[in-house]
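Participant: Can you read through this structure? Questions will come right after.
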Amino acid sequence: MYQCQEGTCAPLTLIAGCPFRSDARCSRRSACKPFYLRVYVSHLQKLRAATSRKELAAILGYQPKTMTAIVYQTLPAAKYTTFDIDKKSGGKRTIKAPIPKLKKLQSHLSHVLYQCLAEIERERGATPISFGFRKNRSVAENASRHKRRRWVLNLDLEDFFPSFNFGRVRGFFLKDKAFALNPEVATTIAQIACDGIALPQGSPCSPVISELIAQILDMRLVRLAKKYGVTYTRYADDITFSTSQKDFPTGLAAVDPNDPAVWHLSEELVGKIVNSGFTINNAKTRMHFRGSRQMVTGLVVNEKVNIRSDYYRRARAMCDMLFQTGQYYKVVIQPDDEDEEPKPDLTSNLNPLQGILGHIYSVTQSEERREISEQRQKPRAIRKLFRRFLFYKHCMALKEPLIITEGKTDPVYLREAVRSRTKFHPALGAPGKDGFKHTVRYFNYGGLTHEVMDLGGGTGDLKSIPLDYLRNLKPSKDSHKPFAHEPMHHPVIIVLDNDEGLAAVASTVKKNFGVAIDIKSTADFYNVTENLYIVKTPENGARKTCIEDMFPKKWRDHRINGKKLNTASKIDPTKDLSKEAFAKSVVKANADKIDFSGFDPLLERINKAIQHHAAKP
């Protein structure tokens, strides 16, 4: 496999075999030059070839002494922070969160091992049966394999991560045919991944290692499922078999003759699981019949994959309470004294509730396969509720000022400019013992938030922010009731280029809030309503400007592999450098060399907007 080294060809897009052949040509249909290319060595090949801890460190992107200090010179008790969280089914789950340095190392190992897992599965030509801890796979997709079935059998593996002890992890990397690693390399991987005893729940590399080791279980159970004509899937420690046969195969499970609600797993099935190194949690073995509510990994699968109605009602009640009081209840705490009433466990932490709403939204969207445009035109109740929650979180319950830019690259520019321009540190950021800390937050265009809030990264989409203020704070008879809890202690600042793209937002603001903004207007900021502000890039003589204009010309013209920045919406990738590539390969790579003083007028405007809001009663 070959990969372009000079950037003149797209990586991994060579059309004709070996590039050293005279007829080899690249995807741009220009003659291949051998010296432009290097052999691409996979992570799996690198691990197999490694013979020492030093070589493993290089594969993980670490200096040997740095990796040694993290793994061997940090006391075991100091490597993890241990705490408990509530299980959905009751009880507690122990989480071991690694310290930042160890977490980063484990993340690097996780990345390498996921690449290895993908390569192994490609070589086998097999589609993975597991749906947990996999990119582009979900709990909803796992459940969808079992909808509209007569029988659905669920069983659970007990103490999943703790079952992968140190010896088992080390032994796998030593003996597995796909790896067969050097003993020192296998031992070091196990020492990085394990807490001294086993894989901890909370480590970034525990999921992928569990997936690698559990492949043997999947292969055995797939063969068993095929033998009895049933469907099999696994999601982490949850195993499901389903079928529409008249009777469920007794070779897998049989009903208790004295209690029709109890099912016993067959010796053959139990043997396959135990011999693969796992233990069954018999208390969680369940058989669901057609006509009753059939559940797979917490989702209803009778006709379509869906969340339980009571789960949605509980989430809606949490949101109603949050919007009225600023707090919501997670669970009910049972009192120690029988004479006392149960008490709600109140919290103002929005992350758990966002996780619940995101789960509901993802499950329903996955099943319905509705396009984003259709969702916008005819939003379901969960989308409306989720959007209202996200508006509350990002625009009202702020812990610091929020800056919303036109796209993903602008925050890169602003962060580096703030870091460079010390005169703005007190208001926008401050250096500390753990590195530079920004005191403003930049809107993240990743995840579900931008999708649900209709923020695709373009200027036109930003009009949805003022419309959300209109919808939520000045409701009509057809809208939601107003928020009773409206903290808004910090401003929301939309940063816009002073060009034609301004029109969509400006017209929306003018029509609904009476605030006039155009290319020629020169105010430092525009307070649209409440804590919502708009800041434009400085007009520079009432002319069109964009944020890239603030870089010195020599950096705007800086070339990477012969390509120069083009800020147009449509570019020629063979000649032009995209904004994303410019932000990464020019700005971030040369931040210590770039003169960011051209950003001072824009940073000053942002600073003034923050001060204006702080001065409000």
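The chains in the structure tokens are called A, B, ... from first to last as shown; in each chain the residues are counted from 1, and the ligands are counted from 1 in the order shown.
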Residues of stretch 223-319 of chain A classed as strand (DSSP E or B) by DSSP on the backbone are to be reported as a ChimeraX atom specification.

Facilitator: /A:231-235,238-243,253-256,259-265,280-290,292,295-296,299-300,306

Participant: Looking only at the backbone, which of the residues in stretch 227-344 of chain A does DSSP tag as alpha helix (DSSP H), as number ranges by chain?

Facilitator: A: 227-228, 267-275, 309-325

Participant: Restricting the calculation to only C-alpha atoms: of A:Asp218, A:Asp499, A:Glu119, A:Asp518, which residue gets closest to A:Ser42?

Facilitator: A:Glu119

Participant: Work out how far atom CA of A:Ala97 is from atom CA of A:Thr82, in Å to one decimal.

Facilitator: 6.3 Å

Participant: Hey, what's within 6 Å of stretch 540-549 of chain A if we count only C-alpha atoms and toss same-chain stuff fewer than 5 positions away? As a PyMOL selection string, please?

Facilitator: chain A and resi 497-499+520

Participant: Could you write those residues out with C-alpha atoms, as a PDB file, in the first residue's frame?

Facilitator:
```pdb
ATOM      1  CA  ASP A 497     -17.518  38.299   8.525  1.00  0.00           C
ATOM      2  CA  ASN A 498     -18.443  41.725   7.159  1.00  0.00           C
ATOM      3  CA  ASP A 499     -19.428  40.493   3.695  1.00  0.00           C
ATOM      4  CA  LYS A 520     -21.336  49.768   6.173  1.00  0.00           C
TER       5      LYS A 520
END
```
